[in-house]
$ cat upload10.txt   # compact mmCIF, C-alpha atoms
# COMPACT_ATOMS: atom_id res chain seq x y z
CA VAL W 912 -11.93 138.84 51.49
CA GLY W 913 -14.76 140.97 52.76
CA SER W 914 -17.28 138.27 51.91
CA ILE W 915 -15.28 135.59 53.72
CA SER W 916 -14.88 137.84 56.72
CA PHE W 917 -18.63 138.56 56.82
CA SER W 918 -19.46 134.87 56.44
CA SER W 919 -17.08 134.00 59.27
CA ARG W 920 -18.75 136.57 61.52
CA ASN W 921 -22.19 135.18 60.73
CA GLN W 922 -21.02 131.66 61.38
CA GLN W 923 -19.42 132.74 64.65
CA GLN W 924 -22.60 134.55 65.71
CA LYS W 925 -24.67 131.49 64.86
CA THR W 926 -22.36 129.27 66.84
CA ASP W 927 -22.57 131.62 69.84
CA ARG W 928 -26.39 131.60 69.66
CA GLU W 929 -26.43 127.80 69.53
CA ILE W 930 -24.18 127.59 72.57
CA MET W 931 -26.31 130.07 74.49
CA LEU W 932 -29.53 128.22 73.58
CA SER W 933 -27.95 124.92 74.57
CA MET W 934 -26.94 126.34 77.93
CA TYR W 935 -30.42 127.82 78.41
CA HIS W 936 -32.19 124.52 77.71
CA HIS W 937 -29.76 122.67 79.97
CA HIS W 938 -30.46 125.15 82.74
CA GLN W 939 -34.21 124.75 82.34
CA GLN W 940 -34.06 120.96 82.74
CA PRO W 941 -34.86 119.83 86.29
CA HIS W 942 -31.81 118.61 88.18
CA GLU W 943 -31.72 115.05 89.29
CA GLN W 944 -32.43 114.77 92.99
CA MET W 945 -29.69 113.23 95.09
CA PRO W 946 -30.89 110.27 97.12
CA ALA W 947 -31.38 110.93 100.82
CA HIS W 948 -28.64 108.49 101.78
CA ALA W 949 -26.13 109.94 99.33
CA SER W 950 -23.42 112.38 100.35
CA ASN W 951 -20.65 114.33 98.66
CA ASN W 952 -18.18 112.56 100.91
CA ASN W 953 -18.90 109.02 101.95
CA ASN W 954 -16.70 109.43 105.01
CA VAL W 955 -18.59 112.45 106.37
CA ASN W 956 -21.87 112.25 108.26
CA ASN W 957 -24.96 113.97 106.84
CA ASN W 958 -25.52 116.15 109.93
CA ASN W 959 -23.22 118.95 108.67
CA THR W 960 -20.82 118.53 111.60
CA ASN W 961 -17.82 117.64 109.40
CA ARG W 962 -17.15 114.61 111.56
CA ARG W 963 -16.02 111.38 109.99
CA GLU W 964 -17.87 108.17 110.64
CA GLY W 965 -17.18 106.93 114.14
CA GLU W 966 -15.84 110.25 115.45
CA ILE W 967 -17.43 111.74 118.56
CA LEU W 968 -17.08 115.01 120.42
CA THR W 969 -15.74 114.65 123.96
CA GLY W 970 -16.58 117.70 126.04
CA THR W 971 -16.11 118.62 129.68
CA THR W 972 -18.12 117.50 132.69
CA ILE W 973 -17.65 119.29 136.02
CA LEU W 974 -19.84 119.21 139.11
CA ALA W 975 -19.85 120.15 142.79
CA LEU W 976 -22.07 118.54 145.44
CA PRO W 977 -22.22 119.87 149.00
CA PHE W 978 -22.59 117.47 151.91
CA ASP W 979 -22.91 117.85 155.66
CA GLY W 980 -19.56 119.46 156.50
CA GLY W 981 -18.02 120.15 153.10
CA VAL W 982 -18.22 119.88 149.33
CA VAL W 983 -17.26 117.22 146.78
CA VAL W 984 -15.89 118.51 143.47
CA CYS W 985 -15.55 116.22 140.47
CA ALA W 986 -14.45 116.51 136.84
CA ASP W 987 -13.34 114.42 133.89
CA SER W 988 -9.72 114.61 132.74
CA ARG W 989 -10.00 115.13 128.97
CA THR W 990 -8.79 118.26 127.19
CA SER W 991 -10.08 118.06 123.62
CA THR W 992 -9.85 120.07 120.42
CA GLY W 993 -12.91 118.98 118.44
CA THR W 994 -12.79 115.20 118.17
CA TYR W 995 -9.09 115.02 119.08
CA VAL W 996 -8.21 114.49 122.75
CA ALA W 997 -5.10 116.60 123.29
CA ASN W 998 -4.59 115.55 126.92
CA ARG W 999 -6.13 112.54 128.66
CA VAL W 1000 -4.92 113.43 132.16
CA SER W 1001 -5.52 117.17 132.54
CA ASP W 1002 -6.45 118.55 135.96
CA LYS W 1003 -9.64 120.63 135.83
CA LEU W 1004 -9.82 121.06 139.61
CA VAL W 1005 -7.71 123.98 140.82
CA GLN W 1006 -7.14 124.91 144.46
CA LEU W 1007 -7.79 128.62 145.01
CA SER W 1008 -7.19 128.61 148.76
CA GLU W 1009 -6.95 126.09 151.56
CA TYR W 1010 -10.62 125.07 151.46
CA ILE W 1011 -11.81 126.49 148.12
CA TYR W 1012 -11.57 124.83 144.71
CA CYS W 1013 -12.49 125.83 141.18
CA CYS W 1014 -13.83 123.46 138.49
CA ARG W 1015 -12.83 124.66 135.01
CA SER W 1016 -14.68 124.37 131.70
CA GLY W 1017 -14.34 126.25 128.42
CA SER W 1018 -11.01 127.46 127.09
CA ALA W 1019 -8.15 125.80 128.97
CA ALA W 1020 -5.90 128.85 128.54
CA ASP W 1021 -8.58 131.30 129.75
CA THR W 1022 -9.53 129.29 132.83
CA GLN W 1023 -5.90 128.67 133.78
CA ALA W 1024 -5.20 132.40 133.64
CA LEU W 1025 -8.33 133.19 135.68
CA THR W 1026 -7.54 130.69 138.42
CA ASP W 1027 -3.97 131.98 138.62
CA TYR W 1028 -5.25 135.53 139.12
CA VAL W 1029 -7.82 134.53 141.75
CA HIS W 1030 -5.32 132.35 143.62
CA TYR W 1031 -2.87 135.26 143.69
CA TYR W 1032 -5.47 137.76 144.93
CA LEU W 1033 -6.80 135.41 147.62
CA THR W 1034 -3.27 134.67 148.85
CA GLN W 1035 -2.54 138.38 149.14
CA TRP W 1036 -5.85 138.94 150.95
CA SER W 1037 -5.08 136.16 153.45
CA LEU W 1038 -1.59 137.52 154.15
CA THR W 1039 -3.00 141.03 154.65
CA THR W 1040 -5.95 140.14 156.89
CA GLY W 1041 -4.65 136.99 158.55
CA ARG W 1042 -7.91 135.19 157.76
CA GLN W 1043 -9.07 132.57 155.28
CA PRO W 1044 -11.28 133.93 152.46
CA THR W 1045 -14.89 132.82 152.16
CA VAL W 1046 -16.24 130.91 149.18
CA LYS W 1047 -18.44 133.89 148.38
CA THR W 1048 -15.41 136.18 148.17
CA ALA W 1049 -13.61 133.83 145.79
CA ALA W 1050 -16.73 133.37 143.63
CA HIS W 1051 -17.42 137.07 143.27
CA LEU W 1052 -13.79 137.80 142.49
CA MET W 1053 -13.95 135.20 139.71
CA ARG W 1054 -17.27 136.62 138.54
CA ARG W 1055 -15.83 140.12 138.31
CA LEU W 1056 -12.87 138.99 136.20
CA ILE W 1057 -15.11 137.03 133.81
CA TYR W 1058 -17.75 139.75 133.52
CA GLN W 1059 -15.26 142.57 132.85
CA ASN W 1060 -13.63 140.48 130.10
CA LYS W 1061 -16.69 138.64 128.80
CA ASP W 1062 -15.98 139.59 125.18
CA LYS W 1063 -12.46 138.12 125.36
CA LEU W 1064 -12.89 135.00 127.49
CA GLN W 1065 -14.60 131.66 127.06
CA ALA W 1066 -14.80 130.36 130.61
CA GLY W 1067 -17.54 128.73 132.66
CA VAL W 1068 -16.47 127.70 136.15
CA ILE W 1069 -17.76 126.39 139.45
CA VAL W 1070 -16.32 127.78 142.68
CA ALA W 1071 -17.00 125.52 145.66
CA GLY W 1072 -15.60 124.98 149.12
CA TRP W 1073 -16.06 125.36 152.85
CA ASP W 1074 -15.77 128.37 155.16
CA SER W 1075 -16.72 129.16 158.73
CA VAL W 1076 -19.53 131.52 157.65
CA GLN W 1077 -21.68 129.41 155.31
CA GLY W 1078 -20.15 125.97 155.63
CA GLY W 1079 -20.12 124.08 152.35
CA SER W 1080 -21.35 126.22 149.45
CA VAL W 1081 -21.36 126.10 145.66
CA TYR W 1082 -21.33 128.96 143.14
CA SER W 1083 -21.79 128.56 139.38
CA ILE W 1084 -20.35 131.28 137.11
CA ALA W 1085 -21.52 131.18 133.49
CA LEU W 1086 -19.75 132.42 130.34
CA GLY W 1087 -21.01 135.99 130.56
CA GLY W 1088 -20.19 136.41 134.25
CA THR W 1089 -23.52 135.52 135.87
CA CYS W 1090 -22.87 134.18 139.38
CA LEU W 1091 -25.44 132.03 141.17
CA GLN W 1092 -25.30 130.20 144.48
CA LEU W 1093 -26.93 126.80 143.97
CA PRO W 1094 -27.68 123.68 146.03
CA PHE W 1095 -25.38 121.86 143.61
CA ALA W 1096 -23.82 122.80 140.29
CA THR W 1097 -22.83 121.17 137.03
CA GLY W 1098 -21.01 122.60 134.03
CA GLY W 1099 -19.50 121.78 130.67
CA SER W 1100 -21.11 120.15 127.66
CA GLY W 1101 -21.56 116.88 129.54
CA SER W 1102 -23.74 118.45 132.24
CA ILE W 1103 -26.92 118.14 130.15
CA PHE W 1104 -26.59 114.35 130.21
CA VAL W 1105 -26.57 114.10 134.03
CA ALA W 1106 -29.05 116.85 134.93
CA GLY W 1107 -31.91 114.41 135.39
CA LEU W 1108 -29.81 111.96 137.37
CA LEU W 1109 -28.68 114.61 139.83
CA ASP W 1110 -32.17 116.08 140.15
CA ALA W 1111 -33.48 112.65 141.06
CA GLU W 1112 -30.74 111.49 143.44
CA PHE W 1113 -29.29 114.61 145.04
CA ARG W 1114 -30.58 115.58 148.47
CA LEU W 1115 -29.44 118.03 151.10
CA GLY W 1116 -27.61 116.68 154.13
CA MET W 1117 -25.87 113.79 152.39
CA SER W 1118 -22.83 112.24 154.00
CA ALA W 1119 -19.38 112.64 152.47
CA GLU W 1120 -19.41 109.08 151.16
CA GLU W 1121 -22.88 109.47 149.62
CA ALA W 1122 -21.87 112.70 147.88
CA ARG W 1123 -18.64 111.13 146.62
CA THR W 1124 -20.50 108.09 145.25
CA LEU W 1125 -23.10 110.24 143.48
CA ALA W 1126 -20.44 112.53 141.99
CA LYS W 1127 -18.50 109.58 140.53
CA LYS W 1128 -21.70 108.03 139.20
CA ALA W 1129 -22.85 111.25 137.51
CA CYS W 1130 -19.46 112.05 135.99
CA SER W 1131 -19.05 108.52 134.61
CA HIS W 1132 -22.54 108.63 133.03
CA ALA W 1133 -21.71 111.87 131.18

$ encode --input "upload10.txt" --output "structure tokens"
Amino acid sequence: VGSISFSSRNQQQKTDREIMLSMYHHHQQPHEQMPAHASNNNNVNNNNTNRREGEILTGTTILALPFDGGVVVCADSRTSTGTYVANRVSDKLVQLSEYIYCCRSGSAADTQALTDYVHYYLTQWSLTTGRQPTVKTAAHLMRRLIYQNKDKLQAGVIVAGWDSVQGGSVYSIALGGTCLQLPFATGGSGSIFVAGLLDAEFRLGMSAEEARTLAKKACSHA
């Protein structure tokens, strides 16, 4: 019995060594290279975006163009979650006061909450003072809310409008709360596609119809 047991152990040890050597030689063999056009999933593109063939990302395009006597604000109407358009007719232009509007991009929930707060504060300010707020006041109130909550919010907005102090003016407020007054402003992921067009065709002192035509052209090209 002892001899059989010993023989079985030797045989088992030999078998284990053979398996280990087999695994070692298999590991040392060079792996076959996958062709460049091959993919683990034929329905997924090779650009590591996890998008299926034919799917595209539809982001936001917002812009504001001042003209002689006012400002034109423009935006697309798609609210998307990745490649899925959740709402085709969303309103990204929110009225903050009688002559001031906000163009929203980023998280829909965050920007809706922000515009509600700013609209409330500006309404209270108008009732208290009996005057209409300036675009600068609205922009810096929005900037303060975004900056103080920059680690919780994903919101990039444009505040534009007309007041008796500066006339038509445009303020761009980025994700972190940076506020800049600009000759014109664009925002959202689609803004990079129309930057050159607006640089080439925008000019100060345009008429209302010229600004409206350029805004529609730029937004449709994005």

$ residues_around --input "upload10.txt" --residues "Ile1011 (chain W)" --least-positions-apart "5" --cutoff "7 Å" --atoms "all atoms listed in the file" --output "list in words"
Gln1006, Val1046, Ala1071, Gly1072 and Trp1073 of chain W

$ closest_residue --input "upload10.txt" --among "W:Leu1064, W:Ala986, W:Ala1122, W:Ala997" --to "Ala1020 (chain W)" --atoms "all atoms listed in the file"
W:Leu1064

$ residues_around --input "upload10.txt" --residues "Leu1115 (chain W)" --least-positions-apart "2" --cutoff "10 Å" --atoms "only C-alpha atoms" --output "mmCIF file with C-alpha atoms, in the coordinates of the input"
data_model
loop_
_atom_site.group_PDB
_atom_site.id
_atom_site.type_symbol
_atom_site.label_atom_id
_atom_site.label_comp_id
_atom_site.auth_asym_id
_atom_site.auth_seq_id
_atom_site.Cartn_x
_atom_site.Cartn_y
_atom_site.Cartn_z
ATOM 1 C CA LEU W 976 -22.070 118.540 145.440
ATOM 2 C CA PRO W 977 -22.220 119.870 149.000
ATOM 3 C CA PHE W 978 -22.590 117.470 151.910
ATOM 4 C CA ASP W 979 -22.910 117.850 155.660
ATOM 5 C CA PRO W 1094 -27.680 123.680 146.030
ATOM 6 C CA PHE W 1095 -25.380 121.860 143.610
ATOM 7 C CA PHE W 1113 -29.290 114.610 145.040
ATOM 8 C CA MET W 1117 -25.870 113.790 152.390
ATOM 9 C CA SER W 1118 -22.830 112.240 154.000
ATOM 10 C CA ALA W 1122 -21.870 112.700 147.880
#

$ atom_distance --input "upload10.txt" --atom1 "CA of Asn1060 (chain W)" --atom2 "CA of Ile1103 (chain W)"
26.0 Å

$ residues_around --input "upload10.txt" --residues "Ala1024 (chain W)" --least-positions-apart "2" --cutoff "12 Å" --atoms "all atoms listed in the file" --output "list in words"
Val1005, Arg1015, Ser1018, Ala1019, Ala1020, Asp1021, Thr1022, Thr1026, Asp1027, Tyr1028, Val1029, His1030, Tyr1031, Met1053, Leu1056, Ile1057, Leu1064, Gln1065 and Ala1066 of chain W

$ build_atoms --input "upload10.txt" --residues "region 1026-1053 of chain W" --atoms "N, CA and C atoms" --output "PDB file, in the coordinates of the input"
ATOM      1  N   THR W1026      -7.821 131.299 137.118  1.00  0.00           N
ATOM      2  CA  THR W1026      -7.540 130.690 138.420  1.00  0.00           C
ATOM      3  C   THR W1026      -6.211 131.161 138.988  1.00  0.00           C
ATOM      4  N   ASP W1027      -5.239 131.430 138.136  1.00  0.00           N
ATOM      5  CA  ASP W1027      -3.970 131.980 138.620  1.00  0.00           C
ATOM      6  C   ASP W1027      -4.172 133.358 139.242  1.00  0.00           C
ATOM      7  N   TYR W1028      -4.964 134.196 138.580  1.00  0.00           N
ATOM      8  CA  TYR W1028      -5.250 135.530 139.120  1.00  0.00           C
ATOM      9  C   TYR W1028      -5.978 135.430 140.455  1.00  0.00           C
ATOM     10  N   VAL W1029      -7.026 134.626 140.528  1.00  0.00           N
ATOM     11  CA  VAL W1029      -7.820 134.530 141.750  1.00  0.00           C
ATOM     12  C   VAL W1029      -6.988 133.944 142.887  1.00  0.00           C
ATOM     13  N   HIS W1030      -6.192 132.937 142.594  1.00  0.00           N
ATOM     14  CA  HIS W1030      -5.320 132.350 143.620  1.00  0.00           C
ATOM     15  C   HIS W1030      -4.347 133.401 144.161  1.00  0.00           C
ATOM     16  N   TYR W1031      -3.802 134.205 143.270  1.00  0.00           N
ATOM     17  CA  TYR W1031      -2.870 135.260 143.690  1.00  0.00           C
ATOM     18  C   TYR W1031      -3.573 136.291 144.576  1.00  0.00           C
ATOM     19  N   TYR W1032      -4.751 136.754 144.159  1.00  0.00           N
ATOM     20  CA  TYR W1032      -5.470 137.760 144.930  1.00  0.00           C
ATOM     21  C   TYR W1032      -5.898 137.225 146.301  1.00  0.00           C
ATOM     22  N   LEU W1033      -6.374 135.993 146.348  1.00  0.00           N
ATOM     23  CA  LEU W1033      -6.800 135.410 147.620  1.00  0.00           C
ATOM     24  C   LEU W1033      -5.618 135.201 148.565  1.00  0.00           C
ATOM     25  N   THR W1034      -4.476 134.826 148.012  1.00  0.00           N
ATOM     26  CA  THR W1034      -3.270 134.670 148.850  1.00  0.00           C
ATOM     27  C   THR W1034      -2.854 136.006 149.448  1.00  0.00           C
ATOM     28  N   GLN W1035      -2.878 137.058 148.638  1.00  0.00           N
ATOM     29  CA  GLN W1035      -2.540 138.380 149.140  1.00  0.00           C
ATOM     30  C   GLN W1035      -3.545 138.840 150.196  1.00  0.00           C
ATOM     31  N   TRP W1036      -4.814 138.543 149.980  1.00  0.00           N
ATOM     32  CA  TRP W1036      -5.850 138.940 150.950  1.00  0.00           C
ATOM     33  C   TRP W1036      -5.645 138.209 152.268  1.00  0.00           C
ATOM     34  N   SER W1037      -5.305 136.929 152.227  1.00  0.00           N
ATOM     35  CA  SER W1037      -5.080 136.160 153.450  1.00  0.00           C
ATOM     36  C   SER W1037      -3.861 136.675 154.209  1.00  0.00           C
ATOM     37  N   LEU W1038      -2.796 137.005 153.489  1.00  0.00           N
ATOM     38  CA  LEU W1038      -1.590 137.520 154.150  1.00  0.00           C
ATOM     39  C   LEU W1038      -1.853 138.891 154.779  1.00  0.00           C
ATOM     40  N   THR W1039      -2.714 139.679 154.140  1.00  0.00           N
ATOM     41  CA  THR W1039      -3.000 141.030 154.650  1.00  0.00           C
ATOM     42  C   THR W1039      -3.908 140.991 155.875  1.00  0.00           C
ATOM     43  N   THR W1040      -4.948 140.163 155.820  1.00  0.00           N
ATOM     44  CA  THR W1040      -5.950 140.140 156.890  1.00  0.00           C
ATOM     45  C   THR W1040      -5.672 139.090 157.949  1.00  0.00           C
ATOM     46  N   GLY W1041      -4.881 138.074 157.600  1.00  0.00           N
ATOM     47  CA  GLY W1041      -4.650 136.990 158.550  1.00  0.00           C
ATOM     48  C   GLY W1041      -5.818 136.034 158.666  1.00  0.00           C
ATOM     49  N   ARG W1042      -6.728 136.063 157.731  1.00  0.00           N
ATOM     50  CA  ARG W1042      -7.910 135.190 157.760  1.00  0.00           C
ATOM     51  C   ARG W1042      -8.020 134.422 156.445  1.00  0.00           C
ATOM     52  N   GLN W1043      -8.788 133.335 156.485  1.00  0.00           N
ATOM     53  CA  GLN W1043      -9.070 132.570 155.280  1.00  0.00           C
ATOM     54  C   GLN W1043     -10.243 133.220 154.539  1.00  0.00           C
ATOM     55  N   PRO W1044     -10.183 133.329 153.219  1.00  0.00           N
ATOM     56  CA  PRO W1044     -11.280 133.930 152.460  1.00  0.00           C
ATOM     57  C   PRO W1044     -12.506 133.009 152.463  1.00  0.00           C
ATOM     58  N   THR W1045     -13.670 133.606 152.288  1.00  0.00           N
ATOM     59  CA  THR W1045     -14.890 132.820 152.160  1.00  0.00           C
ATOM     60  C   THR W1045     -15.081 132.387 150.710  1.00  0.00           C
ATOM     61  N   VAL W1046     -15.937 131.382 150.528  1.00  0.00           N
ATOM     62  CA  VAL W1046     -16.240 130.910 149.180  1.00  0.00           C
ATOM     63  C   VAL W1046     -16.923 132.016 148.383  1.00  0.00           C
ATOM     64  N   LYS W1047     -17.747 132.794 149.045  1.00  0.00           N
ATOM     65  CA  LYS W1047     -18.440 133.890 148.380  1.00  0.00           C
ATOM     66  C   LYS W1047     -17.450 134.926 147.843  1.00  0.00           C
ATOM     67  N   THR W1048     -16.426 135.232 148.623  1.00  0.00           N
ATOM     68  CA  THR W1048     -15.410 136.180 148.170  1.00  0.00           C
ATOM     69  C   THR W1048     -14.692 135.683 146.928  1.00  0.00           C
ATOM     70  N   ALA W1049     -14.296 134.405 146.944  1.00  0.00           N
ATOM     71  CA  ALA W1049     -13.610 133.830 145.790  1.00  0.00           C
ATOM     72  C   ALA W1049     -14.512 133.806 144.562  1.00  0.00           C
ATOM     73  N   ALA W1050     -15.800 133.457 144.759  1.00  0.00           N
ATOM     74  CA  ALA W1050     -16.730 133.370 143.630  1.00  0.00           C
ATOM     75  C   ALA W1050     -16.966 134.726 143.004  1.00  0.00           C
ATOM     76  N   HIS W1051     -17.139 135.750 143.829  1.00  0.00           N
ATOM     77  CA  HIS W1051     -17.420 137.070 143.270  1.00  0.00           C
ATOM     78  C   HIS W1051     -16.175 137.710 142.671  1.00  0.00           C
ATOM     79  N   LEU W1052     -15.000 137.340 143.147  1.00  0.00           N
ATOM     80  CA  LEU W1052     -13.790 137.800 142.490  1.00  0.00           C
ATOM     81  C   LEU W1052     -13.661 137.160 141.102  1.00  0.00           C
ATOM     82  N   MET W1053     -13.947 135.874 141.012  1.00  0.00           N
ATOM     83  CA  MET W1053     -13.950 135.200 139.710  1.00  0.00           C
ATOM     84  C   MET W1053     -15.016 135.790 138.799  1.00  0.00           C
TER      85      MET W1053
END
